[in-house]
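Q: Got target-v6.cif for you, mmCIF, C-alpha atoms (C1' of nucleotides):
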data_input
loop_
_atom_site.label_atom_id
_atom_site.label_comp_id
_atom_site.auth_asym_id
_atom_site.auth_seq_id
_atom_site.Cartn_x
_atom_site.Cartn_y
_atom_site.Cartn_z
CA MET A 1 61.88 78.35 112.90
CA PRO A 2 65.60 78.18 113.44
CA ASN A 3 66.21 81.87 113.98
CA PRO A 4 63.31 84.32 113.74
CA ARG A 5 65.31 87.40 114.68
CA LYS A 6 63.84 90.81 114.14
CA PRO A 7 66.19 93.40 112.52
CA ALA A 8 66.38 95.66 115.59
CA PRO A 9 63.97 98.56 115.54
CA ALA A 10 66.01 100.05 118.39
CA GLY A 11 63.90 103.15 118.63
CA ALA A 12 64.49 105.42 115.67
CA GLU A 13 67.51 107.53 116.55
CA HIS A 14 70.16 104.79 116.45
CA ALA A 15 71.91 103.81 113.26
CA PRO A 16 73.43 100.36 113.76
CA LEU A 17 76.21 99.22 111.47
CA GLN A 18 75.42 96.40 109.11
CA LEU A 19 78.54 94.38 109.77
CA GLU A 20 77.93 92.11 106.79
CA HIS A 21 78.14 95.10 104.44
CA PHE A 22 80.90 96.87 106.30
CA LEU A 23 84.18 96.85 104.38
CA PRO A 24 86.59 96.53 107.31
CA TYR A 25 84.61 93.61 108.66
CA LYS A 26 84.47 91.81 105.33
CA LEU A 27 88.19 92.27 104.83
CA SER A 28 88.87 90.88 108.26
CA ILE A 29 86.80 87.75 107.69
CA LEU A 30 88.26 87.10 104.28
CA SER A 31 91.83 87.68 105.39
CA ASN A 32 91.51 85.42 108.41
CA THR A 33 89.85 82.66 106.42
CA VAL A 34 92.50 82.65 103.73
CA SER A 35 95.48 82.95 106.08
CA GLN A 36 94.15 80.21 108.30
CA ALA A 37 93.69 77.85 105.37
CA ILE A 38 97.34 78.26 104.46
CA ALA A 39 98.53 78.03 108.04
CA ASP A 40 96.65 74.76 108.45
CA ASP A 41 98.92 73.30 105.81
CA TYR A 42 102.14 73.84 107.72
CA GLN A 43 101.48 74.60 111.40
CA ARG A 44 101.04 71.05 112.58
CA ARG A 45 103.46 69.49 110.18
CA TYR A 46 106.36 71.80 110.94
CA ASP A 47 105.35 73.42 114.23
CA LEU A 48 105.67 76.73 112.43
CA SER A 49 103.71 79.88 113.26
CA VAL A 50 102.44 82.34 110.67
CA THR A 51 104.99 84.85 111.90
CA GLU A 52 107.81 82.37 111.53
CA TRP A 53 106.67 81.39 108.05
CA ARG A 54 106.62 84.99 106.92
CA VAL A 55 110.14 85.52 108.20
CA MET A 56 111.28 82.46 106.31
CA ALA A 57 109.52 83.58 103.15
CA VAL A 58 111.29 86.92 103.25
CA LEU A 59 114.68 85.36 103.92
CA ALA A 60 114.12 83.01 101.01
CA ARG A 61 113.90 86.01 98.72
CA PHE A 62 116.35 88.34 100.38
CA ASP A 63 119.34 86.60 101.78
CA GLY A 64 121.38 88.34 104.47
CA LEU A 65 118.76 90.74 105.76
CA SER A 66 118.98 92.12 109.29
CA ALA A 67 116.14 91.59 111.76
CA ARG A 68 114.95 95.16 111.26
CA GLU A 69 114.85 94.70 107.51
CA VAL A 70 112.84 91.53 107.96
CA ALA A 71 110.42 93.47 110.12
CA GLU A 72 110.06 96.12 107.42
CA ARG A 73 109.45 93.60 104.66
CA THR A 74 106.93 91.58 106.61
CA ALA A 75 105.18 94.60 108.16
CA MET A 76 105.50 92.95 111.54
CA ASP A 77 106.88 94.63 114.61
CA LYS A 78 110.45 94.05 115.68
CA VAL A 79 109.52 92.18 118.84
CA ALA A 80 107.53 89.65 116.87
CA VAL A 81 110.41 89.22 114.47
CA SER A 82 112.92 88.88 117.29
CA ARG A 83 110.89 86.11 118.85
CA ALA A 84 110.27 84.32 115.57
CA LEU A 85 113.99 84.42 114.82
CA ALA A 86 114.89 83.07 118.25
CA ARG A 87 112.71 80.03 117.55
CA LEU A 88 113.89 79.62 113.97
CA VAL A 89 117.57 79.80 114.95
CA GLU A 90 116.97 77.42 117.85
CA ALA A 91 115.28 74.99 115.48
CA GLY A 92 118.18 75.22 113.04
CA ARG A 93 116.08 76.74 110.30
CA VAL A 94 117.79 80.10 110.15
CA HIS A 95 121.47 80.95 110.45
CA ARG A 96 122.39 84.13 112.29
CA GLU A 97 125.74 85.87 112.38
CA THR A 98 126.89 89.34 113.30
CA HIS A 99 127.47 92.03 110.73
CA GLY A 100 131.15 92.77 110.18
CA ASN A 101 130.98 96.56 110.37
CA ASP A 102 128.08 96.95 112.76
CA LYS A 103 127.99 94.59 115.68
CA ARG A 104 124.40 95.53 116.48
CA ARG A 105 123.06 94.05 113.28
CA SER A 106 122.49 90.42 112.52
CA VAL A 107 122.91 88.84 109.13
CA LEU A 108 120.26 86.24 108.51
CA SER A 109 119.82 83.42 106.06
CA LEU A 110 117.97 80.13 105.72
CA THR A 111 119.83 76.95 106.54
CA GLU A 112 119.51 73.79 104.49
CA ALA A 113 116.76 72.66 106.83
CA GLY A 114 115.09 76.03 106.40
CA TRP A 115 115.21 75.77 102.63
CA ALA A 116 113.75 72.28 102.75
CA ILE A 117 110.74 73.56 104.65
CA HIS A 118 110.44 76.56 102.39
CA ASP A 119 110.48 74.44 99.29
CA ASP A 120 107.67 72.33 100.67
CA VAL A 121 105.49 75.12 102.03
CA ALA A 122 105.80 77.73 99.28
CA PRO A 123 104.01 75.61 96.64
CA MET A 124 101.22 74.83 99.10
CA ALA A 125 100.77 78.52 99.81
CA ARG A 126 100.61 79.26 96.11
CA ALA A 127 98.07 76.50 95.61
CA ARG A 128 95.84 78.01 98.29
CA GLU A 129 96.09 81.39 96.65
CA ARG A 130 95.02 79.83 93.35
CA GLU A 131 92.05 78.18 95.08
CA VAL A 132 90.86 81.55 96.28
CA LEU A 133 91.38 83.25 92.95
CA ALA A 134 89.60 80.41 91.17
CA LYS A 135 86.36 81.80 92.53
CA LEU A 136 86.85 84.84 90.31
CA ASP A 137 86.95 85.21 86.54
CA ALA A 138 89.96 86.76 84.83
CA GLN A 139 88.48 90.22 84.77
CA GLU A 140 87.66 90.15 88.46
CA GLN A 141 91.14 88.94 89.31
CA GLU A 142 92.63 91.91 87.48
CA TRP A 143 90.38 94.36 89.26
CA LEU A 144 91.10 92.85 92.62
CA ASN A 145 94.80 93.17 92.06
CA ARG A 146 94.59 96.74 90.93
CA ILE A 147 92.26 97.72 93.75
CA LEU A 148 94.33 96.11 96.48
CA ASP A 149 97.48 97.74 95.20
CA LYS A 150 95.75 101.08 95.16
CA LEU A 151 94.46 100.68 98.68
CA LEU A 152 97.86 99.56 99.91
CA ALA A 153 99.76 102.36 98.19
CA HIS A 154 101.40 104.94 100.47
CA MET B 1 122.61 103.58 99.33
CA PRO B 2 120.12 102.94 102.07
CA ASN B 3 119.33 99.33 101.19
CA PRO B 4 121.20 97.68 98.33
CA ARG B 5 119.66 94.23 98.75
CA LYS B 6 120.05 91.67 96.07
CA PRO B 7 116.89 89.76 95.05
CA ALA B 8 118.09 86.38 96.31
CA PRO B 9 119.62 84.19 93.66
CA ALA B 10 119.36 81.34 96.13
CA GLY B 11 120.77 78.82 93.75
CA ALA B 12 118.30 78.10 90.98
CA GLU B 13 115.97 75.39 92.27
CA HIS B 14 114.12 77.44 94.92
CA ALA B 15 111.07 79.51 94.07
CA PRO B 16 110.60 82.08 96.83
CA LEU B 17 107.23 83.71 97.26
CA GLN B 18 106.97 87.36 96.45
CA LEU B 19 105.11 88.41 99.55
CA GLU B 20 104.29 91.83 98.14
CA HIS B 21 102.36 90.23 95.27
CA PHE B 22 100.86 87.42 97.30
CA LEU B 23 97.11 87.82 97.77
CA PRO B 24 96.82 86.44 101.32
CA TYR B 25 99.61 88.69 102.48
CA LYS B 26 98.16 91.80 100.88
CA LEU B 27 94.76 91.06 102.38
CA SER B 28 96.30 90.65 105.80
CA ILE B 29 98.16 93.97 105.66
CA LEU B 30 95.15 95.86 104.38
CA SER B 31 92.75 94.33 106.87
CA ASN B 32 95.02 95.02 109.83
CA THR B 33 95.69 98.58 108.76
CA VAL B 34 92.03 99.40 108.34
CA SER B 35 90.83 97.66 111.49
CA GLN B 36 93.56 99.26 113.55
CA ALA B 37 92.67 102.73 112.31
CA ILE B 38 89.10 102.23 113.49
CA ALA B 39 90.15 100.67 116.77
CA ASP B 40 92.39 103.65 117.50
CA ASP B 41 89.27 105.78 117.55
CA TYR B 42 87.62 103.98 120.44
CA GLN B 43 90.08 101.77 122.29
CA ARG B 44 91.61 104.43 124.48
CA ARG B 45 88.51 106.52 124.84
CA TYR B 46 86.24 103.72 125.93
CA ASP B 47 88.65 100.97 126.95
CA LEU B 48 86.89 98.80 124.39
CA SER B 49 88.51 95.95 122.47
CA VAL B 50 87.77 95.14 118.84
CA THR B 51 86.01 91.99 119.99
CA GLU B 52 83.82 93.92 122.40
CA TRP B 53 82.97 96.52 119.77
CA ARG B 54 81.88 93.84 117.34
CA VAL B 55 79.64 92.28 119.93
CA MET B 56 78.07 95.66 120.62
CA ALA B 57 77.61 96.36 116.91
CA VAL B 58 75.75 93.10 116.46
CA LEU B 59 73.56 93.67 119.50
CA ALA B 60 72.75 97.13 118.19
CA ARG B 61 71.25 95.56 115.12
CA PHE B 62 69.81 92.38 116.59
CA ASP B 63 68.39 92.86 120.00
CA GLY B 64 67.93 89.81 122.23
CA LEU B 65 70.47 87.50 120.64
CA SER B 66 72.05 84.67 122.63
CA ALA B 67 75.82 84.44 123.01
CA ARG B 68 75.99 81.70 120.42
CA GLU B 69 74.06 83.80 117.93
CA VAL B 70 76.42 86.69 118.56
CA ALA B 71 79.33 84.37 117.86
CA GLU B 72 77.73 83.29 114.58
CA ARG B 73 77.06 86.84 113.43
CA THR B 74 80.51 88.14 114.32
CA ALA B 75 82.36 85.05 113.07
CA MET B 76 84.23 84.95 116.38
CA ASP B 77 84.58 81.88 118.53
CA LYS B 78 82.34 81.35 121.51
CA VAL B 79 85.13 81.74 124.04
CA ALA B 80 86.00 85.18 122.71
CA VAL B 81 82.35 86.16 122.82
CA SER B 82 81.92 84.82 126.34
CA ARG B 83 84.83 86.88 127.55
CA ALA B 84 83.79 90.02 125.72
CA LEU B 85 80.31 89.69 127.19
CA ALA B 86 81.67 89.24 130.70
CA ARG B 87 83.50 92.55 130.39
CA LEU B 88 80.61 94.35 128.72
CA VAL B 89 78.10 93.21 131.34
CA GLU B 90 80.53 94.11 134.13
CA ALA B 91 80.96 97.58 132.60
CA GLY B 92 77.20 98.02 132.40
CA ARG B 93 77.19 98.21 128.63
CA VAL B 94 75.22 95.07 127.95
CA HIS B 95 72.25 93.65 129.80
CA ARG B 96 72.07 89.88 130.16
CA GLU B 97 69.11 87.82 131.28
CA THR B 98 68.19 84.17 131.03
CA HIS B 99 65.90 82.85 128.33
CA GLY B 100 62.47 81.88 129.65
CA ASN B 101 62.16 78.51 127.96
CA ASP B 102 65.81 77.52 127.88
CA LYS B 103 67.83 78.31 130.95
CA ARG B 104 71.09 77.64 129.15
CA ARG B 105 70.66 80.57 126.80
CA SER B 106 71.20 84.21 127.59
CA VAL B 107 69.19 87.06 126.16
CA LEU B 108 71.41 90.03 125.42
CA SER B 109 70.82 93.68 124.72
CA LEU B 110 72.62 97.01 124.93
CA THR B 111 71.99 99.17 127.99
CA GLU B 112 71.55 102.93 127.77
CA ALA B 113 75.29 103.27 128.40
CA GLY B 114 75.94 100.73 125.67
CA TRP B 115 73.78 102.63 123.21
CA ALA B 116 75.55 105.88 124.05
CA ILE B 117 78.90 104.34 123.15
CA HIS B 118 77.48 102.74 120.05
CA ASP B 119 76.02 106.01 118.85
CA ASP B 120 79.39 107.67 119.22
CA VAL B 121 81.53 104.92 117.72
CA ALA B 122 79.37 103.80 114.79
CA PRO B 123 79.68 107.13 112.90
CA MET B 124 83.45 107.12 113.44
CA ALA B 125 83.68 103.61 112.03
CA ARG B 126 81.64 104.64 109.00
CA ALA B 127 83.86 107.68 108.51
CA ARG B 128 86.95 105.46 108.46
CA GLU B 129 85.34 103.19 105.92
CA ARG B 130 84.63 106.22 103.73
CA GLU B 131 88.26 107.30 104.04
CA VAL B 132 89.41 103.97 102.70
CA LEU B 133 86.88 103.90 99.89
CA ALA B 134 87.78 107.46 98.94
CA LYS B 135 90.98 106.09 97.46
CA LEU B 136 88.90 104.35 94.82
CA ASP B 137 86.69 105.70 92.09
CA ALA B 138 83.04 104.68 91.85
CA GLN B 139 83.71 101.86 89.42
CA GLU B 140 86.44 100.38 91.57
CA GLN B 141 84.23 100.55 94.63
CA GLU B 142 81.57 98.55 92.85
CA TRP B 143 84.03 95.91 91.73
CA LEU B 144 85.53 95.64 95.18
CA ASN B 145 82.14 95.07 96.69
CA ARG B 146 81.16 92.47 94.16
CA ILE B 147 84.48 90.67 94.40
CA LEU B 148 84.54 90.56 98.19
CA ASP B 149 81.00 89.23 98.30
CA LYS B 150 81.91 86.57 95.78
CA LEU B 151 84.98 85.51 97.74
CA LEU B 152 83.04 85.44 100.98
CA ALA B 153 80.11 83.48 99.58
CA HIS B 154 79.72 79.94 100.92
"C1'" DA C 1 137.84 112.91 121.90
"C1'" DC C 2 133.37 113.06 124.34
"C1'" DG C 3 128.89 113.32 125.64
"C1'" DT C 4 124.24 113.22 123.46
"C1'" DT C 5 121.19 110.98 120.54
"C1'" DA C 6 119.73 107.26 117.60
"C1'" DT C 7 119.54 102.43 116.25
"C1'" DA C 8 119.45 96.99 116.56
"C1'" DG C 9 117.82 93.77 119.13
"C1'" DT C 10 116.13 91.46 123.56
"C1'" DT C 11 113.62 91.07 127.84
"C1'" DA C 12 109.69 91.82 131.02
"C1'" DC C 13 105.15 92.49 131.92
"C1'" DA C 14 100.49 92.67 131.14
"C1'" DT C 15 96.86 91.26 128.24
"C1'" DA C 16 94.76 88.54 124.42
"C1'" DT C 17 93.75 84.38 122.27
"C1'" DG C 18 92.50 79.37 121.16
"C1'" DA C 19 91.92 74.48 122.32
"C1'" DA C 20 90.15 71.46 125.35
"C1'" DA C 21 87.93 70.27 129.58
"C1'" DC C 22 84.14 71.26 132.28
"C1'" DT C 23 79.11 72.43 134.13
"C1'" DA C 24 74.43 72.88 133.49
"C1'" DA C 25 70.39 72.40 130.86
"C1'" DT C 26 67.86 70.31 126.97
"C1'" DT C 27 66.79 66.96 123.44
"C1'" DG C 28 66.23 62.46 121.40
"C1'" DC C 29 65.01 58.01 121.47
"C1'" DA C 30 64.92 53.09 123.25
"C1'" DT D 1 60.30 57.48 131.84
"C1'" DG D 2 65.46 57.43 131.86
"C1'" DC D 3 69.83 57.64 129.98
"C1'" DA D 4 72.97 58.89 126.09
"C1'" DA D 5 74.02 62.57 123.11
"C1'" DT D 6 73.73 67.78 122.17
"C1'" DT D 7 73.97 72.36 123.14
"C1'" DA D 8 75.02 77.00 125.76
"C1'" DG D 9 78.23 78.99 128.13
"C1'" DT D 10 82.41 79.29 131.33
"C1'" DT D 11 86.91 78.11 133.06
"C1'" DT D 12 91.57 76.52 132.64
"C1'" DC D 13 95.88 76.30 130.67
"C1'" DA D 14 99.33 77.05 127.43
"C1'" DT D 15 100.81 80.46 123.92
"C1'" DA D 16 100.85 84.63 121.44
"C1'" DT D 17 101.08 89.46 121.19
"C1'" DG D 18 102.05 94.57 122.05
"C1'" DT D 19 104.07 98.27 124.87
"C1'" DA D 20 107.63 99.86 127.32
"C1'" DA D 21 111.95 99.37 129.44
"C1'" DC D 22 116.52 97.82 128.83
"C1'" DT D 23 121.45 96.61 126.75
"C1'" DA D 24 124.83 97.21 123.47
"C1'" DT D 25 126.70 99.51 119.67
"C1'" DA D 26 127.14 103.24 116.41
"C1'" DA D 27 126.52 108.04 114.64
"C1'" DC D 28 126.53 112.89 115.32
"C1'" DG D 29 127.70 117.56 116.83
"C1'" DT D 30 130.68 120.31 119.15
#
Show this structure as structure tokens.
A:
Amino acid sequence: MPNPRKPAPAGAEHAPLQLEHFLPYKLSILSNTVSQAIADDYQRRYDLSVTEWRVMAVLARFDGLSAREVAERTAMDKVAVSRALARLVEAGRVHRETHGNDKRRSVLSLTEAGWAIHDDVAPMARAREREVLAKLDAQEQEWLNRILDKLLAH
Amino acid sequence: MPNPRKPAPAGAEHAPLQLEHFLPYKLSILSNTVSQAIADDYQRRYDLSVTEWRVMAVLARFDGLSAREVAERTAMDKVAVSRALARLVEAGRVHRETHGNDKRRSVLSLTEAGWAIHDDVAPMARAREREVLAKLDAQEQEWLNRILDKLLAH
DNA sequence: ACGTTATAGTTACATATGAAACTAATTGCA
DNA sequence: TGCAATTAGTTTCATATGTAACTATAACGT
């Protein structure tokens, strides 16, 4: 008998959550599992955190963003972005200069070295995404997309 | 023109990810948003971390678990569980005793104070879940459930 | 022009987290 | 038995993270 646990009687008045059927919990597990699988592909190899990778991914698409704009696009807070940028600039992966008209703002872009990493990591990330989606049939994939977009709207 | 950003030409050879259509990214945003909304309900009021709440939720359903079993059920690592338990026992929310036959194992259960918190927080958590699901119609809710279970299987 | 308010970004501090080393108890098997 | 290998749980250490305070610059209203 590996684990003969009784499903808590707990009197009668309590109403315990069933974590395994609780949406926020399931989302958390799934999200962490998937993100970690991708991170495993690049963290060791490039000494790159998830935060840093997201900053790079955004700069790959939108060249010349400011730090605040990066924060908006990645949904991370500005402190996290500031720190990620400090490391990325230090490592020569991101180039930072000051905006001509507004000396508060930075103008950010990937360096050659940054692009090289991007071009290696992006396909791996896409492959992981495909692995996850491969567990679903075409119809389920469509529904998932629609549902996530609906939940994320506004 | 608040933000006239050009969608990165970036030469021609690069293929930047579109984060906003990338499944792992969308999952991460959604999961964090939902979990944070729930946490906001109890963190200040009870000085209770997400980790601690999950431990309590599991003990509410499965009385007498060991720390390792709690870790399994919450999908958290044993160090996180150990620390959460230390705080919960210290705060008088969880009772810990030693297993009769195996002195390594602990036998854990909620105290009266623990149950009181549980009985206040659990309905709030359920209400938040309902708020999220309210954005979907009945059909979408069914698909979401089925799809998440499929992705989480194995 | 000038003082107030807002914004971009960094720094400091306190807390959270994860990996690995560690202790204590139990199990397996020669 | 008795000793090597496992297992439960804690501690340590190095990093990560969030909040709030801070600096510098720009925008706004009078």
Q: Could you tell me, as JSON, numbers by chain, exactly which residues end up selected when the PyMOL selection byres ((chain A) within 8 of (chain C)) is applied to this structure?
A: {"A": [67, 68, 82, 104, 105]}
Q: For CA of Ile29 (chain A) and CA of Ala75 (chain B), determine how far apart the two atoms are, in Å to one decimal place.
A: 7.5 Å
Q: Using all atoms listed in the file, which chain A residues lie at most 8 Å away from chain B, written as JSON, numbers by chain?
A: {"A": [5, 6, 7, 8, 9, 10, 14, 15, 16, 17, 18, 19, 22, 23, 24, 25, 26, 27, 28, 29, 30, 31, 32, 34, 35, 57, 58, 60, 61, 62, 63, 65, 74, 75, 115, 118, 119, 122, 129, 132, 135, 136, 140, 143, 144, 147, 148, 150, 151, 152]}
Q: Check which residues of chain D sit at most 9 Å from chain A using all atoms listed in the file, and return one row each with the closest pair of atoms and their distance in Å to one decimal, ordered by chain and rising number, as CSV.
A:
residue,atom,partner,partner_atom,distance
D:DT17,C1',A:Ala80,CA,7.8
D:DG18,C1',A:Val79,CA,8.5
D:DA24,C1',A:Arg104,CA,7.2
D:DT25,C1',A:Arg104,CA,5.6
D:DA26,C1',A:Asp102,CA,7.3
Q: Could you please determine the separation between C1' of DT7 (chain D) and CA of His154 (chain B) in Å, to one decimal place?
A: 24.2 Å
Q: What is the C1' of DC22 (chain D)-CA of Asp47 (chain B) distance in Å, reported with one decimal?
A: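 C1' of DC22 (chain D) sits 28.1 Å away from CA of Asp47 (chain B).
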Q: With distances taken over only C-alpha atoms, which residue among A:Gly92, A:Ala39, A:Glu72, A:Glu52 lies nearest Glu112 (chain A)?
A: A:Gly92
Q: Enclose all atoms of region 123-127 of chain B listed in the file in an axis-aligned box, grow every side by 3 Å, and hand back centre and edge lengths in Å to one decimal, as lines of an AutoDock Vina configuration file.
A:
center_x = 81.8
center_y = 105.6
center_z = 111.0
size_x = 10.2
size_y = 10.1
size_z = 10.9
Q: Residues within 9 Å of Ser66 (chain B), please, as a PyMOL selection string. Count all atoms listed in the file; anything in the same chain fewer than 5 positions from it doesn't count.
A: (chain B and resi 71+99+105-108) or (chain D and resi 8)
Q: Missing atoms in region 22-49 of chain A should be modelled up to N, CA and C atoms and reported as a PDB file, in the frame of the given file.
A:
ATOM      1  N   PHE A  22      79.914  95.902 105.831  1.00  0.00           N
ATOM      2  CA  PHE A  22      80.900  96.870 106.300  1.00  0.00           C
ATOM      3  C   PHE A  22      82.289  96.423 105.827  1.00  0.00           C
ATOM      4  N   LEU A  23      82.915  97.246 105.010  1.00  0.00           N
ATOM      5  CA  LEU A  23      84.180  96.850 104.380  1.00  0.00           C
ATOM      6  C   LEU A  23      85.239  96.333 105.349  1.00  0.00           C
ATOM      7  N   PRO A  24      85.532  97.032 106.422  1.00  0.00           N
ATOM      8  CA  PRO A  24      86.590  96.530 107.310  1.00  0.00           C
ATOM      9  C   PRO A  24      86.279  95.147 107.862  1.00  0.00           C
ATOM     10  N   TYR A  25      85.022  94.916 108.147  1.00  0.00           N
ATOM     11  CA  TYR A  25      84.610  93.610 108.660  1.00  0.00           C
ATOM     12  C   TYR A  25      84.790  92.523 107.600  1.00  0.00           C
ATOM     13  N   LYS A  26      84.346  92.804 106.392  1.00  0.00           N
ATOM     14  CA  LYS A  26      84.470  91.810 105.330  1.00  0.00           C
ATOM     15  C   LYS A  26      85.933  91.483 105.045  1.00  0.00           C
ATOM     16  N   LEU A  27      86.755  92.502 105.039  1.00  0.00           N
ATOM     17  CA  LEU A  27      88.190  92.270 104.830  1.00  0.00           C
ATOM     18  C   LEU A  27      88.761  91.382 105.914  1.00  0.00           C
ATOM     19  N   SER A  28      88.354  91.645 107.138  1.00  0.00           N
ATOM     20  CA  SER A  28      88.870  90.880 108.260  1.00  0.00           C
ATOM     21  C   SER A  28      88.492  89.402 108.153  1.00  0.00           C
ATOM     22  N   ILE A  29      87.237  89.146 107.842  1.00  0.00           N
ATOM     23  CA  ILE A  29      86.800  87.750 107.690  1.00  0.00           C
ATOM     24  C   ILE A  29      87.555  87.060 106.564  1.00  0.00           C
ATOM     25  N   LEU A  30      87.606  87.712 105.431  1.00  0.00           N
ATOM     26  CA  LEU A  30      88.260  87.100 104.280  1.00  0.00           C
ATOM     27  C   LEU A  30      89.738  86.832 104.564  1.00  0.00           C
ATOM     28  N   SER A  31      90.408  87.820 105.106  1.00  0.00           N
ATOM     29  CA  SER A  31      91.830  87.680 105.390  1.00  0.00           C
ATOM     30  C   SER A  31      92.093  86.527 106.358  1.00  0.00           C
ATOM     31  N   ASN A  32      91.311  86.482 107.429  1.00  0.00           N
ATOM     32  CA  ASN A  32      91.510  85.420 108.410  1.00  0.00           C
ATOM     33  C   ASN A  32      91.236  84.044 107.817  1.00  0.00           C
ATOM     34  N   THR A  33      90.187  83.939 107.033  1.00  0.00           N
ATOM     35  CA  THR A  33      89.850  82.660 106.420  1.00  0.00           C
ATOM     36  C   THR A  33      90.980  82.153 105.529  1.00  0.00           C
ATOM     37  N   VAL A  34      91.460  83.034 104.683  1.00  0.00           N
ATOM     38  CA  VAL A  34      92.500  82.650 103.730  1.00  0.00           C
ATOM     39  C   VAL A  34      93.803  82.317 104.451  1.00  0.00           C
ATOM     40  N   SER A  35      94.219  83.192 105.370  1.00  0.00           N
ATOM     41  CA  SER A  35      95.480  82.950 106.080  1.00  0.00           C
ATOM     42  C   SER A  35      95.425  81.655 106.882  1.00  0.00           C
ATOM     43  N   GLN A  36      94.273  81.403 107.480  1.00  0.00           N
ATOM     44  CA  GLN A  36      94.150  80.210 108.300  1.00  0.00           C
ATOM     45  C   GLN A  36      94.237  78.948 107.447  1.00  0.00           C
ATOM     46  N   ALA A  37      93.654  79.012 106.263  1.00  0.00           N
ATOM     47  CA  ALA A  37      93.690  77.850 105.370  1.00  0.00           C
ATOM     48  C   ALA A  37      95.132  77.499 105.031  1.00  0.00           C
ATOM     49  N   ILE A  38      95.931  78.513 104.774  1.00  0.00           N
ATOM     50  CA  ILE A  38      97.340  78.260 104.460  1.00  0.00           C
ATOM     51  C   ILE A  38      98.077  77.758 105.690  1.00  0.00           C
ATOM     52  N   ALA A  39      97.832  78.418 106.820  1.00  0.00           N
ATOM     53  CA  ALA A  39      98.530  78.030 108.040  1.00  0.00           C
ATOM     54  C   ALA A  39      98.237  76.575 108.398  1.00  0.00           C
ATOM     55  N   ASP A  40      97.006  76.143 108.145  1.00  0.00           N
ATOM     56  CA  ASP A  40      96.650  74.760 108.450  1.00  0.00           C
ATOM     57  C   ASP A  40      97.559  73.771 107.734  1.00  0.00           C
ATOM     58  N   ASP A  41      98.077  74.203 106.587  1.00  0.00           N
ATOM     59  CA  ASP A  41      98.920  73.300 105.810  1.00  0.00           C
ATOM     60  C   ASP A  41     100.270  73.044 106.469  1.00  0.00           C
ATOM     61  N   TYR A  42     100.770  74.014 107.224  1.00  0.00           N
ATOM     62  CA  TYR A  42     102.140  73.840 107.720  1.00  0.00           C
ATOM     63  C   TYR A  42     102.283  73.888 109.238  1.00  0.00           C
ATOM     64  N   GLN A  43     101.294  74.416 109.959  1.00  0.00           N
ATOM     65  CA  GLN A  43     101.480  74.600 111.400  1.00  0.00           C
ATOM     66  C   GLN A  43     101.738  73.298 112.126  1.00  0.00           C
ATOM     67  N   ARG A  44     100.859  72.331 111.919  1.00  0.00           N
ATOM     68  CA  ARG A  44     101.040  71.050 112.580  1.00  0.00           C
ATOM     69  C   ARG A  44     102.285  70.351 112.080  1.00  0.00           C
ATOM     70  N   ARG A  45     102.388  70.269 110.779  1.00  0.00           N
ATOM     71  CA  ARG A  45     103.460  69.490 110.180  1.00  0.00           C
ATOM     72  C   ARG A  45     104.844  69.970 110.600  1.00  0.00           C
ATOM     73  N   TYR A  46     105.025  71.286 110.657  1.00  0.00           N
ATOM     74  CA  TYR A  46     106.360  71.800 110.940  1.00  0.00           C
ATOM     75  C   TYR A  46     106.437  72.570 112.257  1.00  0.00           C
ATOM     76  N   ASP A  47     105.364  72.610 113.016  1.00  0.00           N
ATOM     77  CA  ASP A  47     105.350  73.420 114.230  1.00  0.00           C
ATOM     78  C   ASP A  47     105.882  74.813 113.921  1.00  0.00           C
ATOM     79  N   LEU A  48     105.208  75.459 112.981  1.00  0.00           N
ATOM     80  CA  LEU A  48     105.670  76.730 112.430  1.00  0.00           C
ATOM     81  C   LEU A  48     104.524  77.731 112.521  1.00  0.00           C
ATOM     82  N   SER A  49     104.773  78.882 113.157  1.00  0.00           N
ATOM     83  CA  SER A  49     103.710  79.880 113.260  1.00  0.00           C
ATOM     84  C   SER A  49     103.652  80.726 111.987  1.00  0.00           C
TER      85      SER A  49
END
